[in-house]
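What follows is the content of query_39.csv, which has CSV, C-alpha atoms and all ligand atoms:
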```
chain,number,residue,atom,x,y,z
A,610,MET,CA,113.0,148.3,181.3
A,611,GLU,CA,114.8,148.0,178.0
A,612,THR,CA,118.3,146.4,178.2
A,613,LEU,CA,120.9,148.0,176.0
A,614,LEU,CA,123.4,145.4,174.7
A,615,MET,CA,126.4,147.4,173.5
A,616,ASN,CA,129.7,146.1,171.9
A,617,ALA,CA,132.7,147.1,174.0
A,618,GLN,CA,134.4,148.4,170.8
A,619,GLU,CA,131.5,150.8,170.0
A,620,PRO,CA,132.5,154.5,170.6
A,621,GLY,CA,131.0,155.8,173.8
A,622,CYS,CA,130.4,152.4,175.3
A,623,ALA,CA,132.5,152.9,178.4
A,624,GLU,CA,131.1,156.4,178.9
A,625,ALA,CA,127.5,155.2,178.7
A,626,ALA,CA,128.2,152.4,181.2
A,627,ALA,CA,130.1,154.7,183.6
A,628,LYS,CA,127.1,157.1,183.5
A,629,ILE,CA,124.7,154.4,184.6
A,630,ILE,CA,127.1,153.3,187.4
A,631,ARG,CA,127.5,156.9,188.7
A,632,GLU,CA,123.7,157.2,188.7
A,633,GLY,CA,123.3,154.1,190.9
A,634,GLY,CA,122.3,151.6,188.2
A,635,LEU,CA,123.5,148.1,187.2
A,636,VAL,CA,125.8,147.3,184.2
A,637,ALA,CA,126.9,143.8,183.2
A,638,ILE,CA,130.6,144.0,182.4
A,639,PRO,CA,133.0,141.6,180.7
A,640,THR,CA,136.1,140.4,182.5
A,641,GLU,CA,138.7,137.7,181.5
A,642,THR,CA,137.1,135.3,184.0
A,643,VAL,CA,133.3,135.6,183.7
A,644,TYR,CA,130.8,138.4,183.2
A,645,GLY,CA,130.1,140.5,186.3
A,646,LEU,CA,127.0,142.4,187.3
A,647,GLY,CA,128.4,145.7,188.4
A,648,ALA,CA,127.3,148.6,190.5
A,649,ASN,CA,128.9,151.5,192.5
A,650,GLY,CA,130.5,149.4,195.3
A,651,LEU,CA,130.5,152.4,197.7
A,652,ASP,CA,126.7,153.0,197.3
A,653,PRO,CA,124.6,150.8,199.5
A,654,GLU,CA,121.5,151.3,197.5
A,655,ALA,CA,123.2,150.5,194.2
A,656,VAL,CA,124.7,147.4,195.7
A,657,SER,CA,121.4,146.2,197.0
A,658,LYS,CA,120.1,146.2,193.4
A,659,ILE,CA,122.7,143.5,192.6
A,660,PHE,CA,121.4,141.2,195.3
A,661,ILE,CA,117.9,141.6,194.1
A,662,ALA,CA,118.7,141.1,190.4
A,663,LYS,CA,120.7,137.9,191.1
A,664,GLY,CA,118.4,136.6,193.9
A,665,ARG,CA,121.7,136.4,195.9
A,666,PRO,CA,121.6,135.7,199.7
A,667,ASN,CA,122.7,138.9,201.4
A,668,ASP,CA,125.2,137.2,203.6
A,669,ASN,CA,127.4,136.7,200.5
A,670,PRO,CA,129.8,139.6,200.0
A,671,LEU,CA,130.9,141.1,196.7
A,672,ILE,CA,134.3,141.7,195.1
A,673,LEU,CA,135.3,145.3,194.5
A,674,HIS,CA,136.8,145.7,191.0
A,675,ILE,CA,139.4,148.4,190.7
A,676,ALA,CA,141.2,150.0,187.7
A,677,ASP,CA,144.8,149.7,189.2
A,678,ALA,CA,146.7,148.6,192.3
A,679,SER,CA,146.9,152.2,193.6
A,680,GLN,CA,143.2,151.9,194.6
A,681,ILE,CA,143.9,149.2,197.1
A,682,ASP,CA,144.8,151.8,199.8
A,683,ASP,CA,141.6,153.7,199.2
A,684,LEU,CA,139.6,150.7,200.2
A,685,CYS,CA,141.8,148.6,202.6
A,686,HIS,CA,143.9,149.2,205.7
A,687,ASP,CA,146.9,147.3,207.1
A,688,VAL,CA,147.7,146.0,203.7
A,689,PRO,CA,150.6,143.5,203.9
A,690,GLU,CA,153.6,143.9,201.7
A,691,SER,CA,152.7,140.6,200.0
A,692,ALA,CA,149.5,142.1,198.6
A,693,TYR,CA,151.5,144.7,196.6
A,694,ARG,CA,153.8,141.9,195.4
A,695,LEU,CA,150.8,139.8,194.2
A,696,ALA,CA,149.3,142.9,192.5
A,697,GLU,CA,152.6,143.7,190.8
A,698,ARG,CA,152.9,140.1,189.5
A,699,PHE,CA,149.3,139.2,188.6
A,700,TRP,CA,147.2,142.4,188.0
A,701,PRO,CA,145.4,143.0,185.9
A,702,GLY,CA,144.4,139.4,186.0
A,703,PRO,CA,142.2,136.7,187.6
A,704,LEU,CA,143.3,137.2,191.2
A,705,THR,CA,141.2,138.5,194.1
A,706,MET,CA,142.7,139.4,197.5
A,707,VAL,CA,140.8,139.6,200.8
A,708,LEU,CA,142.1,142.5,202.9
A,709,PRO,CA,140.9,144.5,206.0
A,710,ALA,CA,138.2,146.9,204.8
A,711,LYS,CA,138.3,150.7,205.4
A,712,SER,CA,135.1,152.2,206.7
A,713,CYS,CA,134.2,153.8,203.3
A,714,VAL,CA,133.3,150.3,202.1
A,715,PRO,CA,129.6,149.7,203.0
A,716,GLN,CA,128.3,146.7,205.0
A,717,GLU,CA,126.1,145.9,202.0
A,718,THR,CA,129.2,145.2,199.9
A,719,THR,CA,131.1,143.2,202.6
A,720,ALA,CA,127.9,141.5,203.9
A,721,GLY,CA,128.9,142.7,207.3
A,722,LEU,CA,132.5,141.3,207.3
A,723,SER,CA,135.4,143.5,208.4
A,724,THR,CA,137.3,142.4,205.3
A,725,VAL,CA,136.8,143.2,201.6
A,726,ALA,CA,137.7,141.4,198.4
A,727,VAL,CA,139.5,143.4,195.7
A,728,ARG,CA,140.5,142.6,192.2
A,729,CYS,CA,141.8,144.4,189.1
A,730,PRO,CA,140.3,142.6,186.0
A,731,ASP,CA,142.1,142.1,182.7
A,732,SER,CA,139.5,143.8,180.5
A,733,PRO,CA,140.5,147.2,179.1
A,734,VAL,CA,136.8,148.3,178.7
A,735,THR,CA,135.9,147.4,182.3
A,736,ARG,CA,138.9,149.2,183.7
A,737,GLU,CA,138.0,152.2,181.6
A,738,ILE,CA,134.4,152.1,183.0
A,739,ILE,CA,135.8,152.0,186.5
A,740,ARG,CA,138.1,154.9,185.8
A,741,LEU,CA,135.3,157.0,184.2
A,742,ALA,CA,132.8,156.2,187.0
A,743,GLY,CA,135.4,157.2,189.6
A,744,VAL,CA,134.3,154.4,192.0
A,745,PRO,CA,135.2,150.8,192.6
A,746,LEU,CA,132.7,148.4,190.9
A,747,ALA,CA,131.1,145.8,193.1
A,748,ALA,CA,130.5,142.8,190.8
A,749,PRO,CA,129.6,139.2,191.4
A,750,SER,CA,129.4,136.8,188.5
A,751,ALA,CA,126.3,137.9,186.5
A,752,ASN,CA,124.5,134.6,186.6
A,753,LEU,CA,121.3,134.2,188.6
A,754,SER,CA,122.2,132.9,192.1
A,755,GLY,CA,123.0,129.2,192.1
A,756,LYS,CA,123.2,128.9,188.4
A,757,PRO,CA,126.3,128.4,186.2
A,758,SER,CA,128.3,131.6,185.7
A,759,THR,CA,127.9,133.7,182.6
A,760,THR,CA,130.8,133.7,180.1
A,761,THR,CA,129.2,135.5,177.1
A,762,ALA,CA,127.0,138.6,176.8
A,763,GLY,CA,124.3,136.2,175.5
A,764,HIS,CA,124.3,134.3,178.8
A,765,VAL,CA,123.8,137.6,180.7
A,766,TYR,CA,121.1,138.7,178.3
A,767,HIS,CA,119.3,135.3,179.0
A,768,ASP,CA,119.4,135.8,182.8
A,769,HIS,CA,118.7,139.6,183.0
A,770,ALA,CA,117.0,140.9,179.8
A,771,GLY,CA,114.5,143.6,180.7
A,772,LYS,CA,115.8,143.8,184.3
A,773,ILE,CA,119.0,145.7,184.0
A,774,PRO,CA,119.7,148.8,181.8
A,775,MET,CA,123.0,147.7,180.1
A,776,ILE,CA,125.2,144.8,179.1
A,777,VAL,CA,128.7,145.5,177.7
A,778,ASP,CA,129.6,142.8,175.2
A,779,GLY,CA,133.3,142.1,175.3
A,780,GLY,CA,133.1,138.7,173.6
A,781,PRO,CA,133.5,135.3,175.3
A,782,CYS,CA,135.6,135.2,178.5
A,783,ARG,CA,139.2,134.0,177.9
A,784,VAL,CA,139.6,132.2,181.3
A,785,GLY,CA,136.0,131.1,181.8
A,786,VAL,CA,136.2,130.3,185.5
A,787,GLU,CA,136.1,132.9,188.3
A,788,SER,CA,139.2,134.5,189.8
A,789,THR,CA,141.4,132.8,192.4
A,790,ILE,CA,140.6,134.2,195.8
A,791,VAL,CA,143.4,134.5,198.4
A,792,ASP,CA,142.8,135.7,202.0
A,793,LEU,CA,145.7,137.8,203.3
A,794,THR,CA,144.1,138.8,206.6
A,795,GLU,CA,145.6,136.0,208.7
A,796,LYS,CA,149.1,134.9,209.6
A,797,ARG,CA,149.3,132.6,206.7
A,798,PRO,CA,147.8,133.3,203.2
A,799,ARG,CA,144.8,131.1,202.5
A,800,LEU,CA,143.3,130.0,199.2
A,801,LEU,CA,139.5,130.4,199.3
A,802,ARG,CA,138.8,129.7,195.7
A,803,PRO,CA,141.0,128.2,192.9
A,804,GLY,CA,141.0,130.0,189.6
A,805,GLY,CA,143.1,131.3,186.7
A,806,ILE,CA,146.1,132.0,189.0
A,807,THR,CA,147.2,128.6,190.3
A,808,PRO,CA,148.3,127.7,193.8
A,809,GLN,CA,151.8,127.1,192.4
A,810,GLN,CA,151.9,130.6,191.0
A,811,LEU,CA,150.8,132.0,194.4
A,812,ILE,CA,153.4,130.0,196.4
A,813,ALA,CA,156.1,131.3,194.0
A,814,VAL,CA,155.3,134.8,195.3
A,815,LEU,CA,154.1,134.2,198.8
A,816,GLY,CA,156.3,131.2,199.8
A,817,ASP,CA,153.3,129.7,201.6
A,818,LEU,CA,149.7,128.9,201.2
A,819,VAL,CA,147.0,127.1,203.2
A,820,VAL,CA,144.1,125.6,201.1
A,821,ASP,CA,140.8,126.3,202.8
A,822,LYS,CA,138.7,123.2,203.4
A,823,ALA,CA,135.8,124.7,201.4
A,824,VAL,CA,137.9,124.2,198.3
A,825,THR,CA,138.1,120.5,198.5
A,826,ALA,CA,135.0,119.3,200.4
A,827,GLN,CA,131.3,119.8,200.8
A,828,ILE,CA,130.5,122.5,203.3
A,829,ASP,CA,127.5,122.4,205.6
A,830,LYS,CA,125.1,125.2,204.8
A,831,ASP,CA,125.1,126.3,208.4
A,832,ALA,CA,128.9,126.2,208.8
A,833,VAL,CA,130.9,129.4,209.4
A,834,VAL,CA,133.1,129.7,206.4
A,835,LYS,CA,135.8,132.2,205.2
A,836,ALA,CA,134.2,132.8,201.8
A,837,PRO,CA,130.5,132.8,202.4
A,838,GLY,CA,129.8,132.0,198.8
A,839,MET,CA,131.5,128.6,199.1
A,840,LYS,CA,128.7,127.0,201.1
A,841,TYR,CA,125.9,127.5,198.6
A,842,ARG,CA,125.1,125.0,195.8
A,843,HIS,CA,126.9,126.5,192.9
A,844,TYR,CA,127.7,126.3,189.2
A,845,ALA,CA,125.1,123.6,188.7
A,846,PRO,CA,122.4,122.8,186.1
A,847,ALA,CA,119.1,122.0,187.7
A,848,CYS,CA,119.6,118.2,187.4
A,849,GLN,CA,121.9,115.9,189.3
A,850,VAL,CA,125.6,115.9,188.1
A,851,VAL,CA,127.9,113.0,188.8
A,852,ILE,CA,131.6,112.9,187.9
A,853,VAL,CA,133.0,109.7,186.5
A,854,SER,CA,136.7,109.3,187.0
A,855,GLY,CA,139.2,106.9,185.3
A,856,THR,CA,140.5,106.5,181.8
A,857,SER,CA,138.3,107.5,178.9
A,858,ARG,CA,137.7,103.8,177.9
A,859,LYS,CA,136.7,102.7,181.5
A,860,ALA,CA,134.5,105.8,182.0
A,861,ALA,CA,132.7,105.1,178.7
A,862,GLU,CA,132.1,101.5,179.7
A,863,CYS,CA,130.9,102.5,183.1
A,864,ILE,CA,128.5,105.3,181.8
A,865,ARG,CA,127.1,102.9,179.3
A,866,THR,CA,126.0,100.5,182.1
A,867,LEU,CA,124.4,103.4,184.1
A,868,TYR,CA,122.9,105.5,181.3
A,869,LYS,CA,119.2,106.0,181.0
A,870,PRO,CA,117.3,108.0,178.3
A,871,GLY,CA,117.2,111.7,179.3
A,872,ASP,CA,120.7,111.5,180.7
A,873,ARG,CA,123.6,113.5,179.1
A,874,VAL,CA,127.4,113.0,179.1
A,875,LEU,CA,129.7,116.0,179.5
A,876,CYS,CA,133.0,115.0,178.1
A,877,PHE,CA,136.2,116.0,176.4
A,878,GLU,CA,136.2,116.5,172.6
A,879,GLU,CA,138.6,113.6,172.2
A,880,GLU,CA,136.0,111.3,173.9
A,881,LEU,CA,133.0,112.2,171.7
A,882,SER,CA,133.2,109.0,169.6
A,883,LEU,CA,133.4,106.8,172.7
A,884,PHE,CA,130.1,108.2,174.0
A,885,GLU,CA,128.2,107.9,170.7
A,886,GLY,CA,124.5,107.4,171.3
A,887,LEU,CA,124.7,108.8,174.9
A,888,ALA,CA,124.0,112.5,173.9
A,889,PRO,CA,127.5,113.6,174.6
A,890,LEU,CA,128.4,117.3,174.9
A,891,SER,CA,132.0,118.4,174.7
A,892,TYR,CA,133.3,121.4,176.7
A,893,GLY,CA,136.8,121.5,175.2
A,894,LYS,CA,139.9,119.4,174.5
A,895,ALA,CA,141.5,117.3,177.3
A,896,ALA,CA,144.8,118.2,175.5
A,897,ASP,CA,144.1,121.9,176.0
A,898,LEU,CA,143.0,122.6,179.6
A,899,ASN,CA,142.4,126.3,178.8
A,900,SER,CA,139.7,125.3,176.3
A,901,LEU,CA,138.1,123.2,179.1
A,902,SER,CA,138.0,126.1,181.5
A,903,ALA,CA,136.8,128.5,178.8
A,904,GLY,CA,134.0,126.1,177.7
A,905,LEU,CA,132.8,124.7,181.1
A,906,PHE,CA,130.1,127.2,182.1
A,907,ALA,CA,128.6,127.4,178.6
A,908,ALA,CA,128.2,123.6,178.6
A,909,LEU,CA,126.7,123.6,182.2
A,910,ARG,CA,124.3,126.2,181.1
A,911,GLU,CA,123.2,124.2,178.1
A,912,LEU,CA,122.6,121.2,180.4
A,913,ASP,CA,120.5,123.4,182.7
A,914,ASP,CA,117.4,122.1,180.9
A,915,PRO,CA,114.3,120.4,182.4
A,916,ALA,CA,114.6,117.7,179.7
A,917,VAL,CA,117.9,116.5,181.2
A,918,HIS,CA,117.6,114.0,184.0
A,919,LYS,CA,121.2,113.4,185.0
A,920,VAL,CA,124.7,114.5,183.8
A,921,TYR,CA,127.7,112.2,183.8
A,922,ALA,CA,130.7,114.5,183.7
A,923,ARG,CA,134.3,113.9,182.8
A,924,CYS,CA,136.8,116.0,184.7
A,925,PRO,CA,140.5,116.7,183.9
A,926,GLU,CA,143.1,115.5,186.5
A,927,GLY,CA,146.2,117.4,187.7
A,928,ASP,CA,147.0,120.8,188.9
A,929,GLY,CA,147.2,124.3,187.3
A,930,ILE,CA,143.9,125.4,185.8
A,931,ALA,CA,142.7,121.8,186.0
A,932,TYR,CA,142.5,122.3,189.8
A,933,ALA,CA,140.0,125.2,189.3
A,934,ILE,CA,137.9,123.1,186.8
A,935,GLN,CA,137.8,120.2,189.4
A,936,ASN,CA,136.6,122.6,192.1
A,937,ARG,CA,133.7,123.9,189.9
A,938,LEU,CA,132.7,120.5,188.6
A,939,LYS,CA,132.9,118.9,192.1
A,940,LYS,CA,130.7,121.7,193.5
A,941,ALA,CA,128.2,121.2,190.6
A,942,ALA,CA,128.2,117.5,191.5
A,943,ALA,CA,128.0,118.0,195.2
A,944,PHE,CA,131.3,116.1,195.4
A,945,GLN,CA,129.7,112.9,194.0
A,946,VAL,CA,132.4,111.0,192.1
A,947,ILE,CA,132.0,107.5,190.6
A,948,ASP,CA,135.1,105.3,190.1
A,949,PRO,CA,134.4,102.9,187.2
A,950,GLU,CA,136.4,100.2,189.1
A,951,ASP,CA,133.5,100.2,191.7
A,952,ILE,CA,130.9,99.7,189.1
A,953,LEU,CA,132.4,97.4,186.4
B,1,LIG,O1,136.2,136.3,188.6
B,1,LIG,C1,135.6,136.8,189.5
B,1,LIG,O2,136.0,136.9,190.6
B,1,LIG,C2,134.2,137.2,189.1
B,1,LIG,C3,134.3,138.4,188.1
B,1,LIG,C4,133.0,139.1,187.8
B,1,LIG,O3,135.2,139.3,188.6
B,1,LIG,N1,133.4,137.6,190.2
B,1,LIG,C5,132.9,136.6,191.1
B,1,LIG,O4,132.1,137.1,192.1
B,1,LIG,O5,133.2,135.4,190.9
B,1,LIG,P1,131.2,136.2,193.0
B,1,LIG,O6,130.4,137.1,193.8
B,1,LIG,O7,130.4,135.3,192.1
B,1,LIG,O8,132.1,135.3,193.9
B,1,LIG,C6,132.8,136.0,194.9
B,1,LIG,C7,133.2,135.1,196.0
B,1,LIG,C8,132.0,134.6,196.8
B,1,LIG,O9,132.2,133.2,197.1
B,1,LIG,C9,132.1,135.5,198.1
B,1,LIG,O10,131.6,134.8,199.2
B,1,LIG,C10,133.6,135.7,198.2
B,1,LIG,O11,134.1,135.8,196.9
B,1,LIG,N2,134.0,136.9,198.9
B,1,LIG,C11,133.7,138.2,198.6
B,1,LIG,N3,134.1,139.0,199.6
B,1,LIG,C12,134.8,138.2,200.5
B,1,LIG,C13,135.4,138.5,201.8
B,1,LIG,N4,135.6,139.7,202.3
B,1,LIG,N5,135.9,137.5,202.4
B,1,LIG,C14,135.8,136.2,202.0
B,1,LIG,N6,135.2,135.9,200.8
B,1,LIG,C15,134.7,136.9,200.1
B,2,MG,MG,129.4,133.6,191.4
```
Represent the supplied structure as structure tokens.
Ligand code: TXA
Ligand code: MG
Amino acid sequence: METLLMNAQEPGCAEAAAKIIREGGLVAIPTETVYGLGANGLDPEAVSKIFIAKGRPNDNPLILHIADASQIDDLCHDVPESAYRLAERFWPGPLTMVLPAKSCVPQETTAGLSTVAVRCPDSPVTREIIRLAGVPLAAPSANLSGKPSTTTAGHVYHDHAGKIPMIVDGGPCRVGVESTIVDLTEKRPRLLRPGGITPQQLIAVLGDLVVDKAVTAQIDKDAVVKAPGMKYRHYAPACQVVIVSGTSRKAAECIRTLYKPGDRVLCFEEELSLFEGLAPLSYGKAADLNSLSAGLFAALRELDDPAVHKVYARCPEGDGIAYAIQNRLKKAAAFQVIDPEDIL
């Protein structure tokens, strides 16, 4: 099939996308976090096309994207008051809430769970598509399953050209890492995935937050987890990725002793000169954490190349958006971190 790549600003773009959605087809959509691969989230047949296009395991549920907070009650029951407060504060924006699902949400979307994830994305064209389609949009990150997420329309075209009818080009994604997921179905709110909304911001509204163990540690593939997606190898180029901690100078010294031809270094722009001769690739400025989150997946995709043997990666420290970057890089590295003090 021919894949129509249409700029979000072009007249008729949202209408064309909504028509495909209403007819049960797939459309790749821009959001502020990453591009999504969208379908009518209430139509089991449409939803199953997403799993096929991505090669996604069907025990991994999808997020329903809505145009505004009033749609929460169409899809969820027993919604706690805290959900409305979070929506009021952070929507449209990079926050997903897990809530009890109403029976109108098909099992294909929730992967059989009794809960459903909902989010209102901060992309005017995508909200317009949802409004015009008149249905919530089920949309996982548009990357092929297991690969780094898609943060430009070009990334989506690379993964799905000829396989989906339409890609809406809304430019590069501003945040660059997927939404924060918070589960509100238990006594205490639980962070399932860090993202653009930080734990500190959530605590300011909720007064409380438990961090799920899948956020900070490797999860066994047979384990029962809250967010099924968290147990799969994720966000990773084909080769091995190892994080090297410590100061720029120590890390450079350490990587120089380990480096072999074919290896690459993923670093901060400020460090490029320190890694001269080691094929460094910068993903943003250490002094501007937002540039790192926005650049991370494009860099990981560039490193997803059979010619690359191993990637030594530098990771920002601290909280805020750095916490989400650490989570994605640690998952890409299967939690392998080298401390230069152990090598030098
Ligand atoms: O920023 C985002 O959230 C992007 C854009 C497109 O909106 N979407 C995204 O979707 O990252 P995906 O499918 O790549 O990641 C969704 C995660 C998966 O780990 C999945 O297991 C989890 O959300 N999830 C979905 N529904 C859930 C539920 N009912 N309970 C727990 N986790 C859920
Ligand atoms: Mg994903």
Q.
Residues within 8 Å of A:Leu905, please, as an MDAnalysis selection string. Count all atoms listed in the file; anything in the same chain fewer than 6 positions from it doesn't count.
A. chainID A and resid 785:786 892:893 934
Q: Would you please work out which residue, of A:Ala762, A:Cys685, A:Val744, A:Ala942, is nearest to A:Met775 when using only C-alpha atoms?
A: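 Residue with the minimum atom-to-atom distance to A:Met775: A:Ala762.
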Q: Enumerate as a list in words the residues within 7 Å of ligand MG 2 (chain B), counting only C-alpha atoms and all ligand atoms.
A: Pro749, Ser750, Asn752 and Ser758 of chain A
Quick one: write out the picked residues with C-alpha atoms as a CSV table (one decimal), keeping the file's coordinate frame?
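And here's again_22.csv as it stands now:
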```csv
chain,number,residue,atom,x,y,z
A,749,PRO,CA,129.6,139.2,191.4
A,750,SER,CA,129.4,136.8,188.5
A,752,ASN,CA,124.5,134.6,186.6
A,758,SER,CA,128.3,131.6,185.7
```
Per-residue nearest contacts of chain A to ligand LIG 1 (chain B) (6 Å; all atoms listed in the file) as a Markdown table:
```
| residue | atom | partner | partner_atom | distance |
| --- | --- | --- | --- | --- |
| A:Thr642 | CA | B:LIG1 | O1 | 4.8 |
| A:Val643 | CA | B:LIG1 | C3 | 5.3 |
| A:Tyr644 | CA | B:LIG1 | C4 | 5.1 |
| A:Gly645 | CA | B:LIG1 | C4 | 3.6 |
| A:Asn669 | CA | B:LIG1 | O10 | 4.8 |
| A:Pro670 | CA | B:LIG1 | N3 | 4.4 |
| A:Leu671 | CA | B:LIG1 | C11 | 4.5 |
| A:Ile672 | CA | B:LIG1 | C11 | 5.0 |
| A:Val707 | CA | B:LIG1 | N4 | 5.4 |
| A:Thr719 | CA | B:LIG1 | N4 | 5.7 |
| A:Thr724 | CA | B:LIG1 | N4 | 4.4 |
| A:Val725 | CA | B:LIG1 | N4 | 3.8 |
| A:Ala726 | CA | B:LIG1 | N3 | 4.5 |
| A:Ala748 | CA | B:LIG1 | C4 | 5.4 |
| A:Pro749 | CA | B:LIG1 | O6 | 3.3 |
| A:Ser750 | CA | B:LIG1 | O7 | 4.0 |
| A:Glu787 | CA | B:LIG1 | O1 | 3.4 |
| A:Ser788 | CA | B:LIG1 | O1 | 3.7 |
| A:Lys835 | CA | B:LIG1 | C14 | 5.1 |
| A:Ala836 | CA | B:LIG1 | N6 | 3.4 |
| A:Pro837 | CA | B:LIG1 | O10 | 3.9 |
| A:Gly838 | CA | B:LIG1 | O9 | 3.2 |
| A:Met839 | CA | B:LIG1 | O9 | 5.1 |
```
Q. Pick from A:Cys782, A:Ala678, A:Val824, A:Cys713: nearest to A:Ala903, with only C-alpha atoms counted?
A. A:Cys782
Q: Write out as a list in words the residues lying within 9 Å of stretch 854-861 of chain A, counting only C-alpha atoms and excluding same-chain residues fewer than 2 positions away.
A: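 With the cut-off at 9 Å, the set is Ile852, Cys863, Ile864, Arg865, Thr866, Glu880, Leu883, Phe884, Ala922, Arg923, Cys924, Pro925, Glu926, Val946, Ile947, Asp948, Pro949, Glu950 and Leu953 of chain A.
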Q. Which one is closest to A:Thr794: A:Met706, A:Met615, A:Ile638, A:Ala626? Count only C-alpha atoms.
A.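 The closest residue to A:Thr794 is A:Met706.
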